[in-house]
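my_file30.cif (mmCIF, C-alpha atoms and all ligand atoms) appears below.
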```cif
data_coords
loop_
_atom_site.label_atom_id
_atom_site.label_comp_id
_atom_site.auth_asym_id
_atom_site.auth_seq_id
_atom_site.Cartn_x
_atom_site.Cartn_y
_atom_site.Cartn_z
CA MET A 981 -35.27 47.32 240.31
CA ASN A 982 -36.20 43.92 238.97
CA GLN A 983 -36.65 41.46 241.79
CA HIS A 984 -36.79 38.40 239.57
CA LEU A 985 -33.81 36.13 239.86
CA LEU A 986 -34.69 34.19 236.71
CA ARG A 987 -36.71 35.29 233.74
CA VAL A 988 -37.45 33.00 230.82
CA GLU A 989 -39.14 34.69 227.87
CA GLY A 990 -40.64 32.86 224.92
CA LEU A 991 -38.25 29.93 225.18
CA GLN A 992 -38.31 27.66 222.14
CA LYS A 993 -36.41 24.52 221.33
CA SER A 994 -36.66 22.33 218.27
CA TYR A 995 -34.80 19.21 217.27
CA GLY A 996 -35.05 19.29 213.51
CA PRO A 997 -38.76 19.36 212.73
CA LEU A 998 -39.72 18.36 216.27
CA GLN A 999 -40.78 21.41 218.26
CA VAL A 1000 -40.24 20.52 221.91
CA LEU A 1001 -40.65 23.91 223.61
CA LYS A 1002 -43.21 26.18 222.00
CA GLY A 1003 -42.70 29.46 223.81
CA ILE A 1004 -42.20 29.00 227.53
CA SER A 1005 -42.24 32.11 229.71
CA LEU A 1006 -41.73 31.94 233.43
CA ASP A 1007 -40.00 33.76 236.21
CA LEU A 1008 -38.68 33.04 239.64
CA ARG A 1009 -38.14 35.42 242.50
CA LYS A 1010 -35.17 35.12 244.76
CA GLY A 1011 -35.77 32.52 247.45
CA GLU A 1012 -38.65 30.91 245.62
CA THR A 1013 -39.14 27.26 244.76
CA LEU A 1014 -40.91 26.62 241.48
CA SER A 1015 -42.04 23.13 240.61
CA LEU A 1016 -42.44 22.02 237.03
CA ILE A 1017 -44.82 19.10 236.57
CA GLY A 1018 -46.28 17.40 233.54
CA PRO A 1019 -46.41 14.17 231.56
CA SER A 1020 -43.34 12.44 230.26
CA GLY A 1021 -42.19 14.04 227.02
CA SER A 1022 -43.81 17.41 227.74
CA GLY A 1023 -40.45 19.22 227.64
CA LYS A 1024 -39.59 19.65 231.33
CA SER A 1025 -36.01 18.38 231.07
CA THR A 1026 -35.42 20.28 227.87
CA CYS A 1027 -36.62 23.43 229.59
CA LEU A 1028 -34.18 22.98 232.49
CA ARG A 1029 -31.33 22.15 230.12
CA CYS A 1030 -32.03 25.26 228.08
CA ILE A 1031 -32.03 27.48 231.19
CA ASN A 1032 -28.34 26.78 231.76
CA PHE A 1033 -27.58 26.34 228.06
CA LEU A 1034 -26.70 22.67 228.31
CA GLU A 1035 -28.99 22.76 225.28
CA ARG A 1036 -28.98 25.81 223.04
CA PRO A 1037 -32.49 27.21 222.70
CA THR A 1038 -33.73 27.93 219.20
CA GLY A 1039 -35.68 30.97 220.36
CA GLY A 1040 -36.39 33.19 223.32
CA SER A 1041 -34.33 34.70 226.11
CA ILE A 1042 -33.12 33.74 229.56
CA PHE A 1043 -31.98 36.22 232.17
CA LEU A 1044 -30.38 35.56 235.53
CA GLU A 1045 -30.45 38.73 237.62
CA ASP A 1046 -30.91 40.71 234.42
CA GLU A 1047 -27.84 39.17 232.82
CA ARG A 1048 -28.63 37.44 229.56
CA ILE A 1049 -27.59 33.80 229.63
CA GLY A 1050 -25.77 32.27 226.69
CA GLN A 1051 -25.83 35.18 224.28
CA LEU A 1052 -23.84 38.37 223.81
CA PRO A 1053 -24.30 41.42 221.58
CA ASP A 1054 -22.70 40.70 218.21
CA GLY A 1055 -21.74 44.35 217.64
CA ARG A 1056 -24.20 44.66 214.78
CA GLY A 1057 -27.31 45.17 216.84
CA GLY A 1058 -27.99 41.45 217.15
CA LEU A 1059 -26.96 38.63 219.45
CA ARG A 1060 -24.54 35.78 219.06
CA LEU A 1061 -24.22 32.53 220.99
CA MET A 1062 -21.52 32.43 223.63
CA SER A 1063 -18.67 29.96 223.37
CA ASP A 1064 -18.37 27.26 226.02
CA ARG A 1065 -15.59 29.26 227.62
CA GLU A 1066 -17.78 32.36 227.80
CA LEU A 1067 -20.62 30.26 229.19
CA ALA A 1068 -18.64 28.60 231.99
CA PRO A 1069 -19.00 31.37 234.62
CA GLN A 1070 -22.73 31.65 233.92
CA ARG A 1071 -23.17 27.89 234.19
CA ALA A 1072 -21.40 27.96 237.56
CA GLU A 1073 -24.14 30.30 238.81
CA ILE A 1074 -26.78 27.70 237.97
CA GLY A 1075 -26.38 24.38 239.79
CA MET A 1076 -27.99 21.30 238.35
CA VAL A 1077 -28.97 17.99 239.92
CA PHE A 1078 -29.99 15.18 237.58
CA GLN A 1079 -31.93 11.97 237.97
CA GLY A 1080 -28.66 10.00 237.73
CA PHE A 1081 -26.03 11.24 240.14
CA TYR A 1082 -22.97 11.25 237.86
CA LEU A 1083 -20.41 11.16 240.65
CA TRP A 1084 -16.82 10.40 239.72
CA PRO A 1085 -16.35 6.76 240.80
CA HIS A 1086 -12.58 7.06 241.33
CA LEU A 1087 -12.88 10.05 243.68
CA ASN A 1088 -14.01 10.02 247.27
CA VAL A 1089 -17.03 12.01 248.35
CA ARG A 1090 -15.04 15.02 249.52
CA ASP A 1091 -13.17 15.28 246.22
CA ASN A 1092 -16.37 14.79 244.25
CA VAL A 1093 -17.87 17.80 245.97
CA ALA A 1094 -14.76 20.02 245.93
CA LEU A 1095 -13.38 19.35 242.48
CA GLY A 1096 -16.43 20.60 240.59
CA SER A 1097 -15.99 24.03 242.17
CA ILE A 1098 -12.28 24.10 241.39
CA ARG A 1099 -12.58 22.91 237.79
CA ALA A 1100 -15.81 24.48 236.66
CA GLY A 1101 -16.17 27.36 239.09
CA GLY A 1102 -12.52 28.37 239.35
CA MET A 1103 -12.61 28.35 243.14
CA ALA A 1104 -9.35 28.25 245.10
CA ARG A 1105 -8.48 24.81 246.46
CA ALA A 1106 -8.63 25.63 250.17
CA GLU A 1107 -11.94 27.42 249.79
CA ALA A 1108 -13.39 24.59 247.72
CA TYR A 1109 -12.50 22.01 250.38
CA GLU A 1110 -13.91 24.20 253.11
CA MET A 1111 -17.13 24.58 251.12
CA ALA A 1112 -17.20 20.83 250.52
CA GLU A 1113 -17.19 20.10 254.26
CA GLU A 1114 -19.86 22.69 254.86
CA MET A 1115 -22.13 21.40 252.09
CA LEU A 1116 -21.63 17.76 253.09
CA ASP A 1117 -22.77 18.85 256.51
CA LYS A 1118 -25.85 20.41 254.96
CA VAL A 1119 -26.81 17.12 253.29
CA HIS A 1120 -25.95 15.24 256.51
CA LEU A 1121 -23.07 13.26 254.99
CA ARG A 1122 -19.98 14.76 256.52
CA HIS A 1123 -19.17 11.39 258.06
CA LYS A 1124 -18.98 9.88 254.55
CA ALA A 1125 -16.41 12.34 253.18
CA ASP A 1126 -13.70 9.67 252.81
CA GLU A 1127 -15.94 7.03 251.21
CA TYR A 1128 -16.13 6.25 247.52
CA PRO A 1129 -19.49 6.59 245.73
CA GLU A 1130 -19.97 2.84 245.18
CA ARG A 1131 -20.06 2.36 248.95
CA LEU A 1132 -23.01 4.72 249.30
CA SER A 1133 -26.71 4.09 248.77
CA GLY A 1134 -28.45 5.81 245.85
CA GLY A 1135 -30.02 8.30 248.24
CA GLN A 1136 -26.63 9.13 249.73
CA GLN A 1137 -25.10 9.49 246.27
CA GLN A 1138 -27.83 11.90 245.25
CA ARG A 1139 -27.23 13.92 248.42
CA VAL A 1140 -23.54 14.10 247.48
CA ALA A 1141 -24.58 15.34 244.04
CA ILE A 1142 -26.69 18.00 245.74
CA ALA A 1143 -23.73 19.01 247.93
CA ARG A 1144 -21.60 19.25 244.81
CA ALA A 1145 -24.13 21.56 243.15
CA LEU A 1146 -24.34 23.71 246.29
CA ALA A 1147 -20.57 23.96 246.68
CA GLN A 1148 -20.31 26.18 243.62
CA ARG A 1149 -22.46 28.77 245.40
CA PRO A 1150 -25.02 28.85 242.63
CA LYS A 1151 -27.67 31.56 242.59
CA LEU A 1152 -30.17 29.06 241.27
CA ILE A 1153 -30.44 25.28 241.50
CA LEU A 1154 -32.26 23.15 238.93
CA PHE A 1155 -33.43 19.69 239.96
CA ASP A 1156 -34.50 17.27 237.23
CA GLU A 1157 -36.45 14.42 238.83
CA PRO A 1158 -33.86 13.97 241.56
CA THR A 1159 -35.63 11.01 243.14
CA SER A 1160 -36.82 9.11 240.07
CA ALA A 1161 -33.86 6.73 239.97
CA LEU A 1162 -34.10 5.83 243.65
CA ASP A 1163 -35.61 2.85 245.39
CA PRO A 1164 -38.79 4.03 247.14
CA GLU A 1165 -37.32 3.73 250.62
CA LEU A 1166 -34.53 6.17 249.69
CA VAL A 1167 -36.72 8.91 248.23
CA GLY A 1168 -37.55 10.47 251.58
CA GLU A 1169 -34.00 11.35 252.60
CA VAL A 1170 -33.40 13.21 249.34
CA LEU A 1171 -36.72 15.05 249.49
CA GLY A 1172 -35.87 15.92 253.10
CA VAL A 1173 -32.69 17.67 252.00
CA ILE A 1174 -34.51 19.51 249.20
CA ARG A 1175 -37.14 20.61 251.68
CA GLU A 1176 -34.45 22.02 253.98
CA LEU A 1177 -32.97 23.95 251.06
CA ALA A 1178 -36.38 25.39 250.20
CA GLU A 1179 -36.89 26.38 253.83
CA GLU A 1180 -33.56 28.17 253.99
CA GLY A 1181 -34.63 30.27 251.03
CA ARG A 1182 -32.66 28.82 248.15
CA SER A 1183 -33.93 29.66 244.69
CA MET A 1184 -34.86 26.43 242.94
CA VAL A 1185 -36.67 24.96 239.99
CA LEU A 1186 -37.75 21.41 240.68
CA VAL A 1187 -39.03 18.95 238.10
CA THR A 1188 -40.69 16.13 239.98
CA HIS A 1189 -43.35 13.46 239.86
CA GLU A 1190 -43.70 13.71 243.63
CA ILE A 1191 -46.84 15.80 243.44
CA ARG A 1192 -47.55 15.87 247.15
CA PHE A 1193 -44.01 17.00 247.81
CA ALA A 1194 -44.34 19.75 245.19
CA ARG A 1195 -47.61 20.82 246.83
CA ASP A 1196 -45.83 21.00 250.17
CA VAL A 1197 -42.56 22.64 249.26
CA ALA A 1198 -43.05 24.70 246.12
CA ASP A 1199 -44.22 28.28 246.24
CA ARG A 1200 -45.51 28.01 242.71
CA VAL A 1201 -46.27 25.18 240.31
CA ILE A 1202 -46.28 25.11 236.52
CA PHE A 1203 -48.05 22.34 234.65
CA MET A 1204 -46.55 21.72 231.21
CA ASP A 1205 -47.90 19.62 228.38
CA GLN A 1206 -46.59 19.21 224.82
CA GLY A 1207 -44.14 22.08 225.06
CA HIS A 1208 -46.60 24.59 226.46
CA ILE A 1209 -47.36 25.93 229.91
CA VAL A 1210 -50.94 24.85 230.44
CA GLU A 1211 -51.46 26.26 233.90
CA GLN A 1212 -49.50 27.99 236.62
CA GLY A 1213 -50.18 29.42 240.02
CA SER A 1214 -49.55 28.84 243.68
CA ALA A 1215 -48.89 25.20 244.56
CA ALA A 1216 -52.29 24.99 246.25
CA GLU A 1217 -54.12 26.53 243.28
CA VAL A 1218 -52.62 24.27 240.64
CA ILE A 1219 -52.58 21.03 242.59
CA ASP A 1220 -55.69 21.31 244.77
CA THR A 1221 -57.96 23.25 242.43
CA PRO A 1222 -56.68 22.96 238.85
CA ARG A 1223 -58.70 25.04 236.38
CA VAL A 1224 -57.78 23.24 233.18
CA ASP A 1225 -59.03 19.76 232.26
CA ARG A 1226 -55.62 18.56 231.12
CA THR A 1227 -54.09 19.46 234.48
CA ARG A 1228 -56.92 17.73 236.27
CA SER A 1229 -56.56 14.50 234.32
CA PHE A 1230 -52.78 14.48 234.75
CA LEU A 1231 -53.09 14.95 238.50
CA GLY A 1232 -55.73 12.24 238.55
CA GLN A 1233 -53.27 9.82 236.96
CA VAL A 1234 -50.23 10.55 239.11
CA GLY A 1235 -51.83 11.55 242.38
P1 LIG A 1301 -39.79 15.52 229.84
O1 LIG A 1301 -38.58 15.84 230.64
O2 LIG A 1301 -40.98 16.38 230.18
O3 LIG A 1301 -40.15 14.06 229.92
P2 LIG A 1301 -38.11 16.03 227.58
O4 LIG A 1301 -37.72 17.45 227.67
O5 LIG A 1301 -37.10 15.03 228.00
O6 LIG A 1301 -39.50 15.81 228.31
O7 LIG A 1301 -38.49 15.67 226.09
C1 LIG A 1301 -39.44 16.41 225.35
C2 LIG A 1301 -39.46 15.91 223.91
O8 LIG A 1301 -38.24 16.23 223.29
C3 LIG A 1301 -39.62 14.41 223.78
O9 LIG A 1301 -40.45 14.17 222.67
C4 LIG A 1301 -38.21 13.93 223.50
O10 LIG A 1301 -38.23 12.77 222.73
C5 LIG A 1301 -37.64 15.10 222.72
N1 LIG A 1301 -36.17 15.23 222.86
C6 LIG A 1301 -35.51 15.50 224.00
N2 LIG A 1301 -34.18 15.58 223.79
C7 LIG A 1301 -34.00 15.33 222.47
C8 LIG A 1301 -32.85 15.28 221.61
N3 LIG A 1301 -31.62 15.49 222.09
N4 LIG A 1301 -33.06 15.02 220.31
C9 LIG A 1301 -34.30 14.82 219.82
N5 LIG A 1301 -35.42 14.87 220.57
C10 LIG A 1301 -35.28 15.13 221.87
MG MG A 1302 -37.44 14.69 231.91
#
```
Could you write out this file's structure as structure tokens?
Amino acid sequence: MNQHLLRVEGLQKSYGPLQVLKGISLDLRKGETLSLIGPSGSGKSTCLRCINFLERPTGGSIFLEDERIGQLPDGRGGLRLMSDRELAPQRAEIGMVFQGFYLWPHLNVRDNVALGSIRAGGMARAEAYEMAEEMLDKVHLRHKADEYPERLSGGQQQRVAIARALAQRPKLILFDEPTSALDPELVGEVLGVIRELAEEGRSMVLVTHEIRFARDVADRVIFMDQGHIVEQGSAAEVIDTPRVDRTRSFLGQVG
């Protein structure tokens, strides 16, 4: 029995001649939080976007609970890429939270959270609205359910985006620098919600520049540079006692 929730094997991504991911292998156990750190341009976002096939990898494999993401047997002993329609149920199992919140401006908070699950996840309406209330509660914004996004602070909007990702009941949540677009005084409330999710045993991959937060919350940390994994280990190992010079100098710059 394989206890890994997510397995990434030899992931590669190129844009034309530019090789962005040069063979990334990582895995995540159920309930674990993995933090991906590294300099700008090292391929962190591309890696997250390949995991749920928002970008199509040019090499390697991704498995969620032993189910191959994005590819199916082609009947001739090989694999073919899935269509968007075939991908939709797999994408619903992988929630994603971006730096920008991408809420629908013409919908109130409750609809923003519920409609994603109905449209993308195929959830029944009543269930989706029940989930929306529950998840808004989890991000401490139930009292804002009737508001429109423009009336909320950036931190509140990002918490709504997190509730929307949670409402689809994903097995895995990917966070791509969820606090980078926020004014400093709003970072804490979003990190607080992410911390609560980690503590309740959600399975998450978190790209962040908040190194102290990663040290605190992540079970494991991966340091990436130029499309490679340079170093990985427990959060304490990688952040407190990095073994590789490049990790050390990066941490020196950001920490
Ligand atoms: P990070 O998130 O670590 O800052 P990214 O994954 O965004 O890094 O980018 C890694 C590299 O890939 C960068 O050199 C970036 O310019 C390049 N890149 C990302 N997306 C594209 C794209 N759609 N087309 C061409 N190059 C891209
Ligand atoms: Mg990025």
Practice prompt. Skip segment 1024-1039 of chain A itself and residues of its chain fewer than 3 positions away, then list as a VMD selection string all residues within 10 Å of it, counting only C-alpha atoms.
Written response: chain A and resid 986 to 995 999 to 1004 1016 to 1021 1042 to 1044 1049 to 1051 1061 to 1062 1064 1067 to 1068 1070 to 1076 1078 1152 1154 to 1157 1185 to 1188 1203 to 1208
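Remark: for ligand MG 1302 (chain A), the closest of the candidate residues A:Ala1198, A:Val1224, A:Val1218, A:Ala1161 is A:Ala1161 (distances computed over all atoms listed in the file).
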Worksheet item: In Å, with one decimal, what is the gap from atom O1 of ligand LIG 1301 (chain A) to atom CA of Phe1230 of chain A?
Response: 14.8 Å
Fill in: Coordinates-based distance that separates atom CA of Gly1168 of chain A from atom CA of Ser1214 of chain A (Å, one decimal)
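If I compute the distance from atom CA of Ser1214 of chain A to atom CA of Gly1168 of chain A, I get 23.3 Å.
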Item to complete: Work out how far atom CA of Ala1147 of chain A is from atom CA of Ala1112 of chain A, in Å to one decimal.
Response: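 Atom-to-atom, atom CA of Ala1112 of chain A to atom CA of Ala1147 of chain A, that is 6.0 Å.
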Need the neighbours of (-14.5, 1.7, 249.6): which residues are at most 12 Å away, counting all atoms listed in the file, as a PDB file with C-alpha atoms, in the coordinates of the input?
```
ATOM      1  CA  PRO A1085     -16.350   6.760 240.800  1.00  0.00           C
ATOM      2  CA  HIS A1086     -12.580   7.060 241.330  1.00  0.00           C
ATOM      3  CA  LEU A1087     -12.880  10.050 243.680  1.00  0.00           C
ATOM      4  CA  ASN A1088     -14.010  10.020 247.270  1.00  0.00           C
ATOM      5  CA  VAL A1089     -17.030  12.010 248.350  1.00  0.00           C
ATOM      6  CA  LYS A1124     -18.980   9.880 254.550  1.00  0.00           C
ATOM      7  CA  ALA A1125     -16.410  12.340 253.180  1.00  0.00           C
ATOM      8  CA  ASP A1126     -13.700   9.670 252.810  1.00  0.00           C
ATOM      9  CA  GLU A1127     -15.940   7.030 251.210  1.00  0.00           C
ATOM     10  CA  TYR A1128     -16.130   6.250 247.520  1.00  0.00           C
ATOM     11  CA  PRO A1129     -19.490   6.590 245.730  1.00  0.00           C
ATOM     12  CA  GLU A1130     -19.970   2.840 245.180  1.00  0.00           C
ATOM     13  CA  ARG A1131     -20.060   2.360 248.950  1.00  0.00           C
ATOM     14  CA  LEU A1132     -23.010   4.720 249.300  1.00  0.00           C
TER      15      LEU A1132
END
```
Please write out, as AutoDock Vina command-line options, where the centre of an axis-aligned box around all listed atoms of segment 1060-1079 of chain A lies and how long its edges are, in Å to one decimal, after adding 4 Å on each side.
```
--center_x -23.8 --center_y 23.9 --center_z 229.5 --size_x 24.3 --size_y 31.8 --size_z 28.9
```
Item to complete: Could you please give me, as JSON, numbers by chain, the residues of protein, DNA or RNA lying at most 12 Å from (-24.6, 18.4, 246.1) in the coordinate frame of the file, considering only C-alpha atoms?
Response: {"A": [1075, 1076, 1077, 1078, 1081, 1082, 1083, 1089, 1090, 1091, 1092, 1093, 1094, 1095, 1096, 1097, 1111, 1112, 1113, 1114, 1115, 1116, 1117, 1118, 1119, 1120, 1121, 1122, 1135, 1136, 1137, 1138, 1139, 1140, 1141, 1142, 1143, 1144, 1145, 1146, 1147, 1148, 1149, 1150, 1153, 1154, 1155, 1158, 1170, 1173, 1174, 1177]}
Fill in: Pick from A:Ser1015, A:Lys1151, A:Ser1160, A:Ser1041 nearest to ligand MG 1302 (chain A), counting all atoms listed in the file
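Ranked by minimum distance to ligand MG 1302 (chain A), first place goes to A:Ser1160.
When all atoms listed in the file are used to compute distances to ligand MG 1302 (chain A), the closest of the residues A:Thr1159, A:Arg1060, A:Ile1098, A:Gly1040 turns out to be A:Thr1159.
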Discussion item. I'd like to know which of A:Ser1063, A:Arg1099, A:Pro1053, A:Gly1181 is closest to Arg1009 of chain A, using all atoms listed in the file.
Written reply: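 Once distances to Arg1009 of chain A are computed over all atoms listed in the file, the minimum belongs to A:Gly1181.
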